[in-house]
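Q: Below are the structure tokens for one structure; questions will follow.
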Amino acid sequence: MVNAAGTPDLTSRVGSVVLKNPVMSASGTFGYGLEFTPFYDISRLGAVIVKGLSLLPTPGNAPQRIVETPAGMLNAIGLQNIGVERFVRDVVPRLADAGATYVANIYGRTIEEYEEVARRLSGVASLAAIELNASCPNVKEGGIAFGSNPEGLSGLTRRVREATGKPLWVKLSPNVSDIGSVARAAEDAGADAVTLINTIVGMAVDCRTRRPGLSNVTGGLSGPAIKPVALRMVWEACKAVRIPVIGIGGIQSAEDALEFLLVGAAAVQVGTANFRNPNACVEIIDGIRAFLVRERLAHLDDYRGTLRI
Amino acid sequence: MVNAAGTPDLTSRVGSVVLKNPVMSASGTFGYGLEFTPFYDISRLGAVIVKGLSLLPTPGNAPQRIVETPAGMLNAIGLQNIGVERFVRDVVPRLADAGATYVANIYGRTIEEYEEVARRLSGVASLAAIELNASCPNVKEGGIAFGSNPEGLSGLTRRVREATGKPLWVKLSPNVSDIGSVARAAEDAGADAVTLINTIVGMAVDCRTRRPGLSNVTGGLSGPAIKPVALRMVWEACKAVRIPVIGIGGIQSAEDALEFLLVGAAAVQVGTANFRNPNACVEIIDGIRAFLVRERLAHLDDYRGTLRI
Amino acid sequence: MPFRRPRFVNGRILHNGGNGIFYRMEVSIPDRIEFLPGQFAMVSGWPGNDPLLPRPLAIFRAGGARGKGTVEFVYKVVGRGTALLSGLHGGDPLQITLPLGNGFDLGREDRIWWLVGGGVGFSTVFPAAVVLEEQRAAFEVFLGARSRDQLPPREWVPGGGTPGRAHLCTDDGTAGFFGRVTDAVRERMDRLKATERARLSILACGPREMLREIAELAVPLEVPVQASLENHMACGFGVCWGCVTAVRDGEKTAYRRVCKEGPVFDAREVVW
Amino acid sequence: MPFRRPRFVNGRILHNGGNGIFYRMEVSIPDRIEFLPGQFAMVSGWPGNDPLLPRPLAIFRAGGARGKGTVEFVYKVVGRGTALLSGLHGGDPLQITLPLGNGFDLGREDRIWWLVGGGVGFSTVFPAAVVLEEQRAAFEVFLGARSRDQLPPREWVPGGGTPGRAHLCTDDGTAGFFGRVTDAVRERMDRLKATERARLSILACGPREMLREIAELAVPLEVPVQASLENHMACGFGVCWGCVTAVRDGEKTAYRRVCKEGPVFDAREVVW
Ligand SMILES: Cc1cc2nc3c(=O)[nH]c(=O)nc-3n(C[C@H](O)[C@H](O)[C@H](O)COP(=O)(O)OP(=O)(O)OC[C@H]3O[C@@H](n4cnc5c(N)ncnc54)[C@H](O)[C@@H]3O)c2cc1C
Ligand SMILES: Cc1cc2nc3c(=O)[nH]c(=O)nc-3n(C[C@H](O)[C@H](O)[C@H](O)COP(=O)(O)OP(=O)(O)OC[C@H]3O[C@@H](n4cnc5c(N)ncnc54)[C@H](O)[C@@H]3O)c2cc1C
Ligand SMILES: Cc1cc2nc3c(=O)[nH]c(=O)nc-3n(C[C@H](O)[C@H](O)[C@H](O)COP(=O)(O)O)c2cc1C
Ligand SMILES: Cc1cc2nc3c(=O)[nH]c(=O)nc-3n(C[C@H](O)[C@H](O)[C@H](O)COP(=O)(O)O)c2cc1C
Ligand code: FES
Ligand code: FES
């Protein structure tokens with residue numbers, strides 16, 4: 001609805017979760033959200049997705065953890081995090097105070113751990129949803145074992161679905177032959193939405209020292225380099241499932257975000273772009289709004305999924 | 001062997017095929033090789049891999065066929081080519097005259113067509129090897145149907161293996177969950193080498209016109225953007241099979257080529273880099289030689305596969 | 001010796017400047033080149049791989065001596081690549097592959113030539129005027145632009161833009177003929193005697209839409225049109241098959257590489 | 001009002017020049033900042049996404065007035081990012097996030113300060129000298145470089161490089177002390193009276209190897225060392241966990257973010 005000032009309506013729905021706009025921060029690239037408060041009011045975001053949480057605090061991988069690649073970067077952070085207890089105790093009240101819509105990204109080394117983390121978060125009233133990371137390539141137990149085939153993903157999703165009443169988003173790995181069937185597996189197992197893509201497994205080496213660039217040898221590729229792959233997979237997932245699809249991968253600008261919305265994404269997440277420009281998310285929100293004004297569209301809904309083939 | 005002038009020995013073996021150096025042009029980025037004769041003597045290359053050949057001349061996809069992406073490009077050429085007959089009649093004599101070591105990249109819409117093309121090439125004495133494209137993402141019948149799972153690839157490889165006595169290289173798709181098992185399937189079915197990676201399926205759209213960037217909607221991503229993914233897959237393939245692995249994907253410089261050799265590739269192919277710099281392949285050869293001199297290595301073999309984990 | 005076959009050279013920028021709309025860049029290259037009007041170069045000069053691909057630019061002028069050539073380009077900033085070019089300074093390096101493609105065929109004697117340029121398309125047709133002037137051939141220039149400031153500076157226009165020989169057209173009427181360049185061509189064509197028309201040849205470069213209209217106008221009158229296409233290109237020298245355009249091939253249509261079989265095509269062949 | 005909390009600003013380059021080894025760049029920014037010596041900025045100024053990540057640079061100086069700030073960086077060209085920075089001109093835009101990290105703690109009274117810089121590490125410790133000078137605190141500067149030309153220009157060195165207060169060291173003996181800066185520090189330490197040593201604090205920035213040696217030298221003598229680490233960074237403000245270093249956390253080791261809990265660490269904590 002265009003209000004008096006002619007401002008288009010960016011409201012976006014991810015199942016039962018209503019977002020004031022379609023732009024969320026991607027897990028692992030936004031800390032616990034609070035780190036951004038010097039830059040802007042984080043309640044302006046569609047949602048904040050926090051760094052992946054595990055049952056216990058996790059130290060993460062030894063350095064070197066990041067390496068730059070052409071228009072991208074590899075990371076092997078190894079899911080360093082403060083654990084779900086400290087998150088609930090120290091972070092949740094501050095996110096709630098900040099008025100942020102926020103989502104907890106979770107992972108476990110076992111299905112039981114996933115369930116336990118989900119259960120622990122179920123009672124957190126201000127938490128909007130749980131995003132199940134079934135696709136971290138950087139820890140042996142980080143979900144990739146579950147996420148790289150439809151059967152594994154289905155089992156995990158079903159169990160976590162039963163463990164929590166919170167809206168459940170399942171984050172998919174792009175390291176698969178057929179993203180459509182993986183997305184369908186998540187849908188069939190009760191996911192409220194699928195989020196994709198997580199990083200693509202990659203590797204860097206130094207030809208002089210003859211050593212890998214990352215202590216973990218392989219890592220996850222993110223950034224503009226992967227945008228074409230992400231966009232294709234989001235498009236395929238949108239065709240494969242009826243639940244909402246949240247698009248991520250290489251989004252740097254409002255145009256990039258609009259591309260994902262155009263192929264059918266319900267909302268988007270912005271990851272690596274936050275590193276170069278901490279204001280990336282809010283600039284993207286403003287850019288989407290300006291685009292809709294130029295295109296004379298009152299609702300983002302009038303634009304979403306209107307790709308002309 | 002360092003000769004009198006101290007020149008390191010770059011000789012590289014891909015099974016029974018001996019290459020004077022490890023640098024080949026990648027199929028589809030080098031025409032039929034002859035287009036490069038204004039730039040340099042193509043017999044300087046390890047090998048020329050020609051544009052994918054089919055049984056009959058193929059018109060290819062409607063334009064728009066290419067679109068640029070961050071540090072990469074998408075293509076959906078649709079395997080436009082002159083067909084195997086004209087290739088043998090018009091191109092082969094000129095490649096042979098030029099003294100080039102050359103390899104025919106082939107594809108078919110059916111297994112029978114693959115066999116037929118391979119048979120037709122078997123009698124071409126100067127042809128060094130056949131590279132079976134089981135991974136073109138841009139034509140429905142272009143091999144991706146065969147290449148995206150171990151079973152399909154195994155069947156195709158076995159049949160073509162029986163159809164020709166030429167060394168058979170199988171070019172793998174990166175759009176799979178587990179590159180190692182796909183590489184093993186090719187090995188078990190009789191491939192003399194595996195070549196990887198072909199392009200990663202991607203997509204681009206224009207948020208203003210709301211149309212896909214490519215007439216084919218999806219296309220294959222190549223260029224520096226994919227190098228980390230290619231390097232990881234080549235490393236995994238090297239661990240999975242005993243036959244030689246030929247590495248491709250985003251190689252632009254001697255350093256990039258050395259990275260693939262470091263993780264174990266027998267040789268490399270250079271694709272998209274030829275577009276920006278037609279001399280890319282020979283500059284890479286010179287760069288590898290200079291590197292070995294600096295590192296005081298007499299043989300490229302002393303360097304290959306020496307990654308320190 | 002000047003080279004005509006394509007080469008990849010490392011150039012160095014001598015001058016690069018513009019009026020905010022059009023830029024003109026002179027580059028020193030290792031040797032003198034010989035080129036045909038309508039031929040082009042693939043140019044890249046920015047560090048890093050984003051953007052990745054070189055950009056095609058018509059060769060506007062070439063000069064220099066043995067072992068010390070120069071080449072000039074005229075370009076308009078329309079996107080990231082051309083924006084990057086416009087930010088380069090004298091002394092900066094520039095990678096160039098040139099000369100590429102087939103130029104215009106100016107070999108036919110005793111013809112009347114019309115050179116039609118839409119937008120920055122003039123940069124492709126003006127070099128033809130230089131040759132025609134040398135050959136003392138009769139020619140007129142038609143230039144189309146959205147508005148006055150989008151027209152090339154007068155001193156670049158062959159013959160200095162003498163009225164009668166240079167027809168300037170603007171969509172908004174802020175200079176010259178009020179209307180599209182195709183309309184100006186049509187009007188002038190209507191006034192042409194049949195004997196003149198029989199000697200007429202058109203060279204055109206501009207938006208595909210403009211070229212199509214010129215073709216629709218001229219082909220039925222049997223006026224030959226050489227149209228220079230500006231498709232997207234990856235390589236520019238015929239090895240990627242990315243730049244194709246559909247052409248008539250007997251009964252069928254076939255895809256021809258704009259960089260290799262073109263960029264100049266007989267307008268009758270092209271499937272517009 | 002000057003800002004101390006990190007902000008992302010669009011700057012514009014005022015000057016950018018160097019002697020081929022070190023470059024100094026002054027940038028105008030929308031507001032004046034207040035920073036602690038040792039704090040840094042994340043800088044990117046090139047178009048395109050390759051390289052993708054901003055580069056961390058110590059804040060060398062800051063000035064200006066309300067609504068009109070300036071900031072200065074000193075950098076060495078070591079790779080693609082810094083090479084791109086060195087190619088920027090006055091007037092070019094620059095994106096900067098600043099001020100970031102925890103600076104040196106200069107609060108302790110009546111101390112003797114040694115400022116140790118290896119390579120371009122001087123750019124991190126010199127700002128501390130400015131504050132110490134204002135506080136009229138006693139300090140000496142130790143600078144290490146491979147050779148004479150790798151030393152910073154004399155006019156940048158606090159106190160103009162007065163012998164006795166500035167100890168210049170070169171690995172090849174082409175200037176000052178012949179040997180590594182750590183050797184110079186060790187020699188000077190040996191000559192120090194116990195009462196002086198008790199008042200000594202070291203601020204150090206340079207290659208990790210150098211920092212480790214300084215730590216091994218000073219920690220057993222109970223001389224506090226504040227070491228500024230130069231790890232690779234993606235974000236610079238604590239949200240990616242990419243820049244960690246191992247530190248002692250009781251019995252265990254833990255990973256701390258260099259950009260957030262650092263870049264200045266108590267040398268006793270770091271697992272070298
Ligand atoms: C043979 C030939 C000669 C040309 N001569 C000139 C010339 O002399 N002066 C001049 O200003 N322009 C010329 N062009 C057009 C010029 O190549 C494009 O304007 C330029 O490539 C755009 O690059 P960009 O990065 O600035 O724009 P982008 O951001 O890439 O795109 C902006 C616009 O430019 C078009 N474009 C992008 N890439 C290409 C490409 N590779 N080829 C063609 N169009 C493209 C797109 O359709 C888009 O509308 C010529 C094109 C060809 C094919
Ligand atoms: C807090 C901090 C303050 C710094 N202050 C200064 C300064 O004032 N002046 C100065 O010249 N340098 C400073 N550095 C180092 C500077 O950031 C690197 O030299 C620069 O990032 C290298 O970028 P490049 O693209 O030129 O090199 P690359 O091509 O990326 O790499 C070349 C070398 O630089 C190192 N390097 C690359 N990226 C980074 C990174 N993100 N962080 C640290 N090291 C990296 C690599 O290990 C490699 O050896 C500082 C680093 C940190 C962490
Ligand atoms: C440094 C880093 C850490 C990440 N950590 C997580 C994580 O904890 N959980 C998760 O689901 N995804 C994680 N991701 C993946 C991102 O959320 C996102 O899916 C991916 O980076 C692609 O988006 P981008 O190209 O916009 O960065 C991480 C990515 C990066 C770069
Ligand atoms: C324009 C274009 C056409 C291609 N055509 C073929 C082909 O015919 N057969 C094939 O096996 N691979 C083809 N490829 C894939 C390349 O050979 C190579 O595997 C891929 O581009 C990755 O390498 P690069 O990043 O160095 O380009 C093509 C790639 C491009 C860019
Ligand atoms: S641009 Fe590559 S064939 Fe024309
Ligand atoms: S650089 Fe991102 S946390 Fe330090």
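Naming scheme: A, B, ... for chains in displayed order of the structure tokens; residues 1 onward per chain; ligands 1 onward as shown.
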Using only C-alpha atoms, I'd like every residue of chain A that has an atom within 12 Å of chain C; please write them out as a PyMOL selection string.
A: chain A and resi 69-72+224-225
Q: Keeping only N, CA, C and O atoms, write the selected residues as a PDB file, in the first residue's frame.
A:
```pdb
ATOM      1  N   THR A  69      39.248 -14.664  -2.361  1.00  0.00           N
ATOM      2  CA  THR A  69      39.303 -15.280  -3.692  1.00  0.00           C
ATOM      3  C   THR A  69      38.704 -14.277  -4.677  1.00  0.00           C
ATOM      4  O   THR A  69      38.140 -13.266  -4.251  1.00  0.00           O
ATOM      5  N   PRO A  70      38.791 -14.511  -5.977  1.00  0.00           N
ATOM      6  CA  PRO A  70      38.244 -13.523  -6.912  1.00  0.00           C
ATOM      7  C   PRO A  70      36.755 -13.264  -6.668  1.00  0.00           C
ATOM      8  O   PRO A  70      35.945 -14.177  -6.779  1.00  0.00           O
ATOM      9  N   ALA A  71      36.424 -12.043  -6.289  1.00  0.00           N
ATOM     10  CA  ALA A  71      35.055 -11.624  -5.993  1.00  0.00           C
ATOM     11  C   ALA A  71      34.386 -12.497  -4.938  1.00  0.00           C
ATOM     12  O   ALA A  71      33.162 -12.617  -4.907  1.00  0.00           O
ATOM     13  N   GLY A  72      35.183 -13.098  -4.084  1.00  0.00           N
ATOM     14  CA  GLY A  72      34.611 -13.931  -3.042  1.00  0.00           C
ATOM     15  C   GLY A  72      35.589 -14.149  -1.904  1.00  0.00           C
ATOM     16  O   GLY A  72      36.670 -13.556  -1.865  1.00  0.00           O
ATOM     17  N   PRO A 224      30.035 -12.168  -4.001  1.00  0.00           N
ATOM     18  CA  PRO A 224      29.497 -11.974  -5.350  1.00  0.00           C
ATOM     19  C   PRO A 224      29.805 -13.110  -6.318  1.00  0.00           C
ATOM     20  O   PRO A 224      28.995 -13.412  -7.197  1.00  0.00           O
ATOM     21  N   ALA A 225      30.951 -13.759  -6.149  1.00  0.00           N
ATOM     22  CA  ALA A 225      31.331 -14.849  -7.054  1.00  0.00           C
ATOM     23  C   ALA A 225      30.243 -15.905  -7.169  1.00  0.00           C
ATOM     24  O   ALA A 225      30.043 -16.496  -8.229  1.00  0.00           O
TER      25      ALA A 225
END
```
Q: Output the neighbourhood of ligand 2 as number ranges by chain, that is, all protein and nucleic acid residues with some atom at most 7 Å from the ligand, counting only C-alpha atoms and all ligand atoms.
A: D: 40, 55-60, 73-83, 120-121, 123-124, 229-234, 259, 263
Q: Could you list, as a PyMOL selection string, all residues that come within 8 Å of ligand 3? Count only C-alpha atoms and all ligand atoms.
A: (chain A and resi 25-29+50-53+66+72-77+79-80+105-107+131-136+171+196-199+220-227+248-252+269-273) or (chain D and resi 234+239-242)
Q: Can you tell me, as a list in words, what residues are no more than 10 Å from Asn102 of chain C when counting only C-alpha atoms, ignoring any on the same chain fewer than 4 positions away?
A: Phe35, Leu36, Pro37, Gly38, Gln39, Phe40, Ser228, Val258, Cys259, Lys260, Glu261, Gly262, Pro263, Val264 and Phe265 of chain C
Q: Looking only at the backbone, which of the residues in segment 96-166 of chain B does DSSP tag as alpha helix (DSSP H), as an MDAnalysis selection string?
A: chainID B and resid 96:97 111:122 144:147 150:163
Q: Could you pull out the strand (DSSP E or B) residues of segment 142-197 of chain D from DSSP and send them as number ranges by chain?
A: D: 142-145, 166-170, 177-178
Q: Record the distance separating atom CA of Thr195 of chain D and atom CA of Ala138 of chain D, expressed in Å with one decimal.
A: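 These two atoms are separated by 14.2 Å.
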Q: Using only C-alpha atoms, find the one residue out of A:Gly155, A:Gly165, A:Gly60, A:Pro228 that sits nearest to chain B.
A: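 Closest to chain B, using only C-alpha atoms: A:Pro228.
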Q: Please identify every residue of chain B that has at least one atom no more than 8 Å from any atom of chain A, counting only C-alpha atoms, and report them as a PyMOL selection string.
A: chain B and resi 69-72+148+175-178+200-207+210-212+217-218+221+224-226+228-233+255+258-259+262+306-309
Q: Pick out the residues sitting within 9 Å of segment 172-178 of chain C, and hand them over as a compact mmCIF listing (two decimals) with C-alpha atoms, in the first residue's frame; count only C-alpha atoms, and ignore anything fewer than 4 positions along from it in its own chain.
A:
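Generated file (result_4.txt):
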```
# COMPACT_ATOMS: atom_id res chain seq x y z
CA ALA C 145 21.17 11.63 -30.59
CA ARG C 146 18.67 12.08 -27.83
CA SER C 147 19.56 15.73 -27.39
CA ARG C 148 22.10 18.37 -28.34
CA ASP C 149 24.63 17.44 -25.66
CA LEU C 151 25.87 14.77 -30.25
CA HIS C 167 22.67 15.97 -40.87
CA LEU C 168 22.42 16.29 -37.12
CA ALA C 184 16.01 12.25 -41.49
```
Q: Within 10 Å of segment 19-28 of chain C, counting only C-alpha atoms, which residues show up once you throw out same-chain ones fewer than 4 positions away? Write them as a count of residues only, please.
A: 41
Q: Rounded to one decimal, what separation in Å do you get between atom CA of Gln135 of chain D and atom CA of Met210 of chain D?
A: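 If I compute the distance from atom CA of Gln135 of chain D to atom CA of Met210 of chain D, I get 27.8 Å.
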